[in-house]
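A.B. asks: Structure supplied as target-v9.json; contents: JSON, C-alpha atoms.
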```
[["chain", "number", "residue", "atom", "x", "y", "z"],
["A", 1, "ARG", "CA", -15.86, 34.29, -16.45],
["A", 2, "GLU", "CA", -18.96, 34.69, -18.61],
["A", 3, "GLY", "CA", -21.75, 32.14, -18.35],
["A", 4, "GLY", "CA", -24.03, 30.53, -15.83],
["A", 5, "ARG", "CA", -23.36, 28.94, -12.50],
["A", 6, "ASP", "CA", -21.28, 25.82, -12.13],
["A", 7, "MET", "CA", -22.51, 22.43, -10.96],
["A", 8, "ILE", "CA", -20.39, 20.96, -8.18],
["A", 9, "THR", "CA", -19.98, 17.18, -8.31],
["A", 10, "VAL", "CA", -17.92, 14.84, -6.19],
["A", 11, "ALA", "CA", -16.34, 11.67, -7.54],
["A", 12, "TYR", "CA", -16.77, 9.43, -4.50],
["A", 13, "GLY", "CA", -14.44, 6.44, -4.46],
["A", 14, "GLY", "CA", -15.61, 4.90, -1.20],
["A", 15, "GLY", "CA", -12.27, 5.25, 0.58],
["A", 16, "THR", "CA", -10.59, 7.48, 3.14],
["A", 17, "ASN", "CA", -9.70, 10.41, 0.88],
["A", 18, "SER", "CA", -13.07, 10.98, -0.78],
["A", 19, "THR", "CA", -14.85, 10.47, 2.54],
["A", 20, "ALA", "CA", -12.63, 13.06, 4.24],
["A", 21, "MET", "CA", -13.07, 15.43, 1.30],
["A", 22, "LEU", "CA", -16.85, 15.40, 1.70],
["A", 23, "ILE", "CA", -16.56, 15.87, 5.47],
["A", 24, "GLY", "CA", -14.25, 18.84, 4.86],
["A", 25, "MET", "CA", -16.66, 20.31, 2.32],
["A", 26, "TYR", "CA", -19.48, 19.94, 4.87],
["A", 27, "GLN", "CA", -17.36, 21.59, 7.58],
["A", 28, "ARG", "CA", -16.59, 24.49, 5.24],
["A", 29, "ASN", "CA", -20.24, 24.80, 4.22],
["A", 30, "GLU", "CA", -19.32, 24.23, 0.57],
["A", 31, "ARG", "CA", -22.09, 23.51, -1.90],
["A", 32, "VAL", "CA", -22.22, 20.00, -3.36],
["A", 33, "ASP", "CA", -24.84, 19.30, -6.01],
["A", 34, "LEU", "CA", -24.16, 15.66, -6.80],
["A", 35, "ILE", "CA", -22.07, 12.81, -5.37],
["A", 36, "LEU", "CA", -21.36, 9.95, -7.78],
["A", 37, "PHE", "CA", -19.93, 6.53, -6.95],
["A", 38, "ALA", "CA", -19.01, 4.48, -10.04],
["A", 39, "ASP", "CA", -19.51, 0.81, -9.21],
["A", 40, "THR", "CA", -17.27, -1.67, -11.04],
["A", 41, "GLY", "CA", -19.29, -4.53, -9.58],
["A", 42, "GLY", "CA", -16.18, -5.81, -7.81],
["A", 43, "GLU", "CA", -15.74, -3.59, -4.77],
["A", 44, "MET", "CA", -15.00, -5.18, -1.41],
["A", 45, "PRO", "CA", -18.13, -5.87, 0.69],
["A", 46, "HIS", "CA", -17.00, -3.36, 3.33],
["A", 47, "THR", "CA", -17.02, -0.60, 0.68],
["A", 48, "TYR", "CA", -20.65, -1.24, -0.26],
["A", 49, "GLU", "CA", -21.62, -1.23, 3.42],
["A", 50, "TYR", "CA", -19.70, 1.98, 4.07],
["A", 51, "ILE", "CA", -21.37, 3.75, 1.16],
["A", 52, "LYS", "CA", -24.78, 3.10, 2.77],
["A", 53, "LEU", "CA", -23.55, 4.32, 6.17],
["A", 54, "PHE", "CA", -21.84, 7.43, 4.81],
["A", 55, "SER", "CA", -24.69, 8.32, 2.46],
["A", 56, "ALA", "CA", -27.04, 8.32, 5.47],
["A", 57, "TRP", "CA", -24.56, 10.57, 7.35],
["A", 58, "LEU", "CA", -24.42, 12.97, 4.39],
["A", 59, "VAL", "CA", -28.22, 13.21, 4.12],
["A", 60, "ALA", "CA", -28.53, 13.73, 7.89],
["A", 61, "HIS", "CA", -26.10, 16.65, 7.50],
["A", 62, "GLY", "CA", -28.00, 18.30, 4.64],
["A", 63, "MET", "CA", -25.80, 16.98, 1.83],
["A", 64, "PRO", "CA", -26.97, 14.98, -1.20],
["A", 65, "PRO", "CA", -26.97, 11.18, -0.99],
["A", 66, "ILE", "CA", -24.36, 9.12, -2.82],
["A", 67, "LEU", "CA", -25.70, 8.09, -6.22],
["A", 68, "THR", "CA", -24.30, 4.87, -7.70],
["A", 69, "VAL", "CA", -23.66, 4.78, -11.44],
["A", 70, "ARG", "CA", -22.48, 1.86, -13.56],
["A", 71, "ALA", "CA", -20.79, 1.44, -16.90],
["A", 72, "ASN", "CA", -23.07, 0.68, -19.83],
["A", 73, "ARG", "CA", -20.85, -1.95, -21.39],
["A", 74, "LYS", "CA", -21.08, -5.38, -22.96],
["A", 75, "ASP", "CA", -20.05, -6.90, -19.62],
["A", 76, "ALA", "CA", -22.03, -5.90, -16.54],
["A", 77, "THR", "CA", -18.93, -5.78, -14.32],
["A", 78, "LEU", "CA", -15.18, -5.35, -14.65],
["A", 79, "GLU", "CA", -14.72, -8.87, -13.30],
["A", 80, "ALA", "CA", -17.01, -10.29, -16.02],
["A", 81, "GLU", "CA", -15.03, -8.40, -18.66],
["A", 82, "CYS", "CA", -11.73, -9.81, -17.38],
["A", 83, "LEU", "CA", -13.13, -13.35, -17.28],
["A", 84, "ARG", "CA", -14.58, -13.07, -20.78],
["A", 85, "LYS", "CA", -11.30, -11.73, -22.17],
["A", 86, "GLY", "CA", -9.19, -14.13, -20.11],
["A", 87, "THR", "CA", -7.00, -11.36, -18.75],
["A", 88, "LEU", "CA", -6.20, -9.37, -15.65],
["A", 89, "PRO", "CA", -7.35, -5.77, -15.10],
["A", 90, "SER", "CA", -5.25, -3.35, -17.15],
["A", 91, "ILE", "CA", -3.48, -2.03, -14.05],
["A", 92, "ALA", "CA", -1.60, -5.35, -13.92],
["A", 93, "PHE", "CA", 0.09, -4.24, -17.14],
["A", 94, "GLY", "CA", 0.80, -0.67, -16.03],
["A", 95, "PHE", "CA", -2.29, 0.97, -17.55],
["A", 96, "LYS", "CA", -5.21, 2.80, -15.93],
["A", 97, "LYS", "CA", -7.90, 1.73, -18.39],
["A", 98, "CYS", "CA", -10.04, 0.08, -15.71],
["A", 99, "SER", "CA", -10.33, 3.40, -13.85],
["A", 100, "LEU", "CA", -11.12, 5.26, -17.06],
["A", 101, "GLY", "CA", -13.64, 2.76, -18.38],
["A", 102, "TRP", "CA", -15.29, 1.72, -15.14],
["A", 103, "LYS", "CA", -14.99, 4.87, -12.99],
["A", 104, "VAL", "CA", -14.57, 8.02, -15.12],
["A", 105, "GLN", "CA", -16.69, 7.09, -18.16],
["A", 106, "PRO", "CA", -19.80, 6.03, -16.19],
["A", 107, "GLN", "CA", -19.74, 9.34, -14.30],
["A", 108, "ASP", "CA", -19.28, 11.30, -17.53],
["A", 109, "ALA", "CA", -22.09, 9.34, -19.20],
["A", 110, "PHE", "CA", -24.40, 10.10, -16.28],
["A", 111, "LEU", "CA", -23.57, 13.80, -16.45],
["A", 112, "ASN", "CA", -23.89, 13.90, -20.25],
["A", 113, "ASN", "CA", -27.48, 12.65, -19.84],
["A", 114, "SER", "CA", -28.31, 14.86, -16.85],
["A", 115, "GLU", "CA", -30.80, 17.61, -17.66],
["A", 116, "GLU", "CA", -29.25, 19.77, -14.92],
["A", 117, "ALA", "CA", -25.73, 19.39, -16.35],
["A", 118, "LYS", "CA", -26.98, 20.05, -19.89],
["A", 119, "ALA", "CA", -28.66, 23.25, -18.67],
["A", 120, "ILE", "CA", -25.45, 24.34, -16.92],
["A", 121, "TRP", "CA", -23.43, 23.80, -20.11],
["A", 122, "LYS", "CA", -26.06, 25.53, -22.26],
["A", 123, "SER", "CA", -25.88, 28.59, -20.00],
["A", 124, "GLY", "CA", -22.08, 28.71, -20.34],
["A", 125, "GLY", "CA", -21.36, 27.15, -16.95],
["A", 126, "LEU", "CA", -19.12, 24.21, -16.12],
["A", 127, "VAL", "CA", -19.46, 21.01, -14.14],
["A", 128, "THR", "CA", -16.73, 21.07, -11.52],
["A", 129, "LYS", "CA", -15.53, 17.60, -10.55],
["A", 130, "CYS", "CA", -14.10, 17.42, -7.03],
["A", 131, "ILE", "CA", -11.60, 14.58, -6.72],
["A", 132, "GLY", "CA", -10.10, 13.30, -3.48],
["A", 133, "PHE", "CA", -6.38, 13.13, -4.16],
["A", 134, "ASP", "CA", -4.72, 14.12, -0.90],
["A", 135, "ALA", "CA", -1.79, 16.49, -0.43],
["A", 136, "ASP", "CA", 0.61, 13.54, -0.17],
["A", 137, "GLU", "CA", -0.26, 12.51, -3.74],
["A", 138, "SER", "CA", -0.57, 15.90, -5.43],
["A", 139, "ARG", "CA", 1.41, 14.57, -8.42],
["A", 140, "ARG", "CA", -1.81, 12.77, -9.51],
["A", 141, "ALA", "CA", -3.78, 16.01, -9.87],
["A", 142, "LYS", "CA", -4.37, 17.31, -13.38],
["A", 143, "PHE", "CA", -5.49, 20.93, -13.41],
["A", 144, "VAL", "CA", -7.29, 20.94, -16.73],
["A", 145, "ARG", "CA", -10.40, 22.64, -17.95],
["A", 146, "ASP", "CA", -12.41, 22.13, -21.10],
["A", 147, "ALA", "CA", -15.73, 23.30, -22.48],
["A", 148, "LYS", "CA", -17.70, 21.14, -20.01],
["A", 149, "TYR", "CA", -15.56, 20.34, -16.98],
["A", 150, "SER", "CA", -13.18, 21.88, -14.52],
["A", 151, "TYR", "CA", -11.38, 19.83, -11.87],
["A", 152, "ARG", "CA", -10.82, 20.64, -8.24],
["A", 153, "TYR", "CA", -8.76, 18.85, -5.60],
["A", 154, "PRO", "CA", -9.97, 20.15, -2.22],
["A", 155, "LEU", "CA", -7.66, 17.97, -0.09],
["A", 156, "ILE", "CA", -4.64, 19.38, -1.91],
["A", 157, "GLU", "CA", -6.01, 22.93, -1.51],
["A", 158, "TRP", "CA", -6.41, 22.37, 2.24],
["A", 159, "GLY", "CA", -3.03, 20.68, 2.65],
["A", 160, "TRP", "CA", -4.69, 17.51, 3.94],
["A", 161, "GLY", "CA", -2.50, 14.41, 3.72],
["A", 162, "ARG", "CA", -3.52, 10.93, 4.80],
["A", 163, "GLU", "CA", -3.23, 11.73, 8.51],
["A", 164, "GLU", "CA", -5.54, 14.77, 8.26],
["A", 165, "CYS", "CA", -8.05, 12.70, 6.28],
["A", 166, "VAL", "CA", -8.14, 10.00, 8.97],
["A", 167, "ASP", "CA", -8.49, 12.67, 11.68],
["A", 168, "ALA", "CA", -11.40, 14.33, 9.84],
["A", 169, "ILE", "CA", -13.32, 11.06, 9.57],
["A", 170, "ARG", "CA", -12.75, 10.20, 13.22],
["A", 171, "SER", "CA", -13.70, 13.71, 14.34],
["A", 172, "ALA", "CA", -16.99, 13.35, 12.43],
["A", 173, "GLY", "CA", -17.75, 10.30, 14.58],
["A", 174, "LEU", "CA", -17.48, 7.88, 11.67],
["A", 175, "PRO", "CA", -15.50, 4.67, 11.37],
["A", 176, "LEU", "CA", -12.73, 4.54, 8.80],
["A", 177, "PRO", "CA", -13.96, 3.16, 5.47],
["A", 178, "GLY", "CA", -11.14, 0.73, 4.74],
["A", 179, "LYS", "CA", -9.36, 0.39, 1.40],
["A", 180, "SER", "CA", -11.60, 0.91, -1.60],
["A", 181, "VAL", "CA", -10.38, -1.46, -4.31],
["A", 182, "CYS", "CA", -11.80, -4.22, -6.47],
["A", 183, "PHE", "CA", -11.37, -7.55, -4.72],
["A", 184, "PHE", "CA", -9.36, -8.92, -7.67],
["A", 185, "CYS", "CA", -7.18, -5.86, -8.33],
["A", 186, "PRO", "CA", -3.48, -6.76, -8.62],
["A", 187, "SER", "CA", -2.50, -3.50, -6.94],
["A", 188, "GLY", "CA", -4.62, -4.26, -3.87],
["A", 189, "LYS", "CA", -2.90, -5.25, -0.65],
["A", 190, "PRO", "CA", -4.03, -7.77, 1.97]]
```
For the file at hand, write its structure as structure tokens.
C.D. replies:
Amino acid sequence: REGGRDMITVAYGGGTNSTAMLIGMYQRNERVDLILFADTGGEMPHTYEYIKLFSAWLVAHGMPPILTVRANRKDATLEAECLRKGTLPSIAFGFKKCSLGWKVQPQDAFLNNSEEAKAIWKSGGLVTKCIGFDADESRRAKFVRDAKYSYRYPLIEWGWGREECVDAIRSAGLPLPGKSVCFFCPSGKP
């Protein structure tokens, strides 16, 4: 393809899959330019603690630290938005708007304002977003490409299901991160 080099970003969710994906990328000596965690303001306390621990592990292994981004919205958190509107998160009604508005959009907004990303796009390159859907959930992957972004699903490429993800984290000497979900999410489990 014509154009400049791509920028490799990782959408880090704070859970088992995205943690294993980064460990696998490290093991394969794959370049990662930026790791973004979009904070809804309602993650479980263990997720925030794990992000600190794993970010330190990444830096110690020559990878970039995890950078936290937040939505620039009327409400500072998803919880505040739900309380103000007097409603549950949209997933309770079968929609994925909370993920789009509080996870995807803050990462896109960060990249849209990043001088490095703008230079990549100006040179004809793409920002490749690596997303941690595992091989057991490959139906979630959307292999799309547009003028700015391409999407990659390393765990699916490697054939890593949940079991392989857990094994990768343990083999790296790290504890498992626990479920990454907002504490008030209706799809969360005890």
A.B. asks: A:Leu174, A:Arg84, A:Leu36, A:Leu22: which is nearest Leu67 of chain A, counting all atoms listed in the file?
C.D. replies: A:Leu36
A.B. asks: Can you list, as a short mmCIF file (atom, residue, chain, number, x, y, z; two decimals) with C-alpha atoms, in the coordinates of the input, every protein, DNA or RNA residue that comes within 12 Å of Asp33 of chain A when you count all atoms listed in the file, leaving out same-chain residues fewer than 5 positions away?
C.D. replies:
```cif
data_model
loop_
_atom_site.label_atom_id
_atom_site.label_comp_id
_atom_site.auth_asym_id
_atom_site.auth_seq_id
_atom_site.Cartn_x
_atom_site.Cartn_y
_atom_site.Cartn_z
CA ARG A 5 -23.36 28.94 -12.50
CA ASP A 6 -21.28 25.82 -12.13
CA MET A 7 -22.51 22.43 -10.96
CA ILE A 8 -20.39 20.96 -8.18
CA THR A 9 -19.98 17.18 -8.31
CA VAL A 10 -17.92 14.84 -6.19
CA ALA A 11 -16.34 11.67 -7.54
CA LEU A 22 -16.85 15.40 1.70
CA MET A 25 -16.66 20.31 2.32
CA GLY A 62 -28.00 18.30 4.64
CA MET A 63 -25.80 16.98 1.83
CA PRO A 64 -26.97 14.98 -1.20
CA PRO A 65 -26.97 11.18 -0.99
CA ILE A 66 -24.36 9.12 -2.82
CA LEU A 67 -25.70 8.09 -6.22
CA LEU A 111 -23.57 13.80 -16.45
CA GLU A 116 -29.25 19.77 -14.92
CA ALA A 117 -25.73 19.39 -16.35
CA VAL A 127 -19.46 21.01 -14.14
CA THR A 128 -16.73 21.07 -11.52
CA LYS A 129 -15.53 17.60 -10.55
CA CYS A 130 -14.10 17.42 -7.03
#
```
A.B. asks: Work out how far apart atom CA of Asn29 of chain A and atom CA of Ala135 of chain A are and give it in Å to one decimal.
C.D. replies: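 If I compute the distance from atom CA of Asn29 of chain A to atom CA of Ala135 of chain A, I get 20.8 Å.
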A.B. asks: Counting only C-alpha atoms, which residues have an atom no more than 10 Å from (-10.1, 5.5, 7.5) in the file's coordinates? Please list them as an mmCIF file with C-alpha atoms, keeping the file's coordinate frame.
C.D. replies:
```cif
data_model
loop_
_atom_site.group_PDB
_atom_site.id
_atom_site.type_symbol
_atom_site.label_atom_id
_atom_site.label_comp_id
_atom_site.auth_asym_id
_atom_site.auth_seq_id
_atom_site.Cartn_x
_atom_site.Cartn_y
_atom_site.Cartn_z
ATOM 1 C CA GLY A 15 -12.270 5.250 0.580
ATOM 2 C CA THR A 16 -10.590 7.480 3.140
ATOM 3 C CA ASN A 17 -9.700 10.410 0.880
ATOM 4 C CA THR A 19 -14.850 10.470 2.540
ATOM 5 C CA ALA A 20 -12.630 13.060 4.240
ATOM 6 C CA ARG A 162 -3.520 10.930 4.800
ATOM 7 C CA GLU A 163 -3.230 11.730 8.510
ATOM 8 C CA CYS A 165 -8.050 12.700 6.280
ATOM 9 C CA VAL A 166 -8.140 10.000 8.970
ATOM 10 C CA ASP A 167 -8.490 12.670 11.680
ATOM 11 C CA ALA A 168 -11.400 14.330 9.840
ATOM 12 C CA ILE A 169 -13.320 11.060 9.570
ATOM 13 C CA ARG A 170 -12.750 10.200 13.220
ATOM 14 C CA LEU A 174 -17.480 7.880 11.670
ATOM 15 C CA PRO A 175 -15.500 4.670 11.370
ATOM 16 C CA LEU A 176 -12.730 4.540 8.800
ATOM 17 C CA PRO A 177 -13.960 3.160 5.470
ATOM 18 C CA GLY A 178 -11.140 0.730 4.740
ATOM 19 C CA LYS A 179 -9.360 0.390 1.400
#
```
A.B. asks: Rounded to one decimal in Å, what is the spacing between atom CA of Ala141 of chain A and atom CA of Leu126 of chain A?
C.D. replies: 18.5 Å
A.B. asks: Would you work out the distance separating atom CA of Arg70 of chain A from atom CA of Thr40 of chain A, expressed in Å to one decimal?
C.D. replies: 6.8 Å
A.B. asks: Which residue out of A:Pro45, A:Phe143, A:Ser180, A:Gly132 has the minimum interatomic distance to Met21 of chain A when only C-alpha atoms are used?
C.D. replies: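 Closest residue, counting only C-alpha atoms: A:Gly132.
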A.B. asks: Around the point (-14.7, 24.5, -22.5) in the file's coordinates, collect all residues with an atom within 10 Å, using all atoms listed in the file, and return them as a PyMOL selection string.
C.D. replies: chain A and resi 121+124-126+145-150
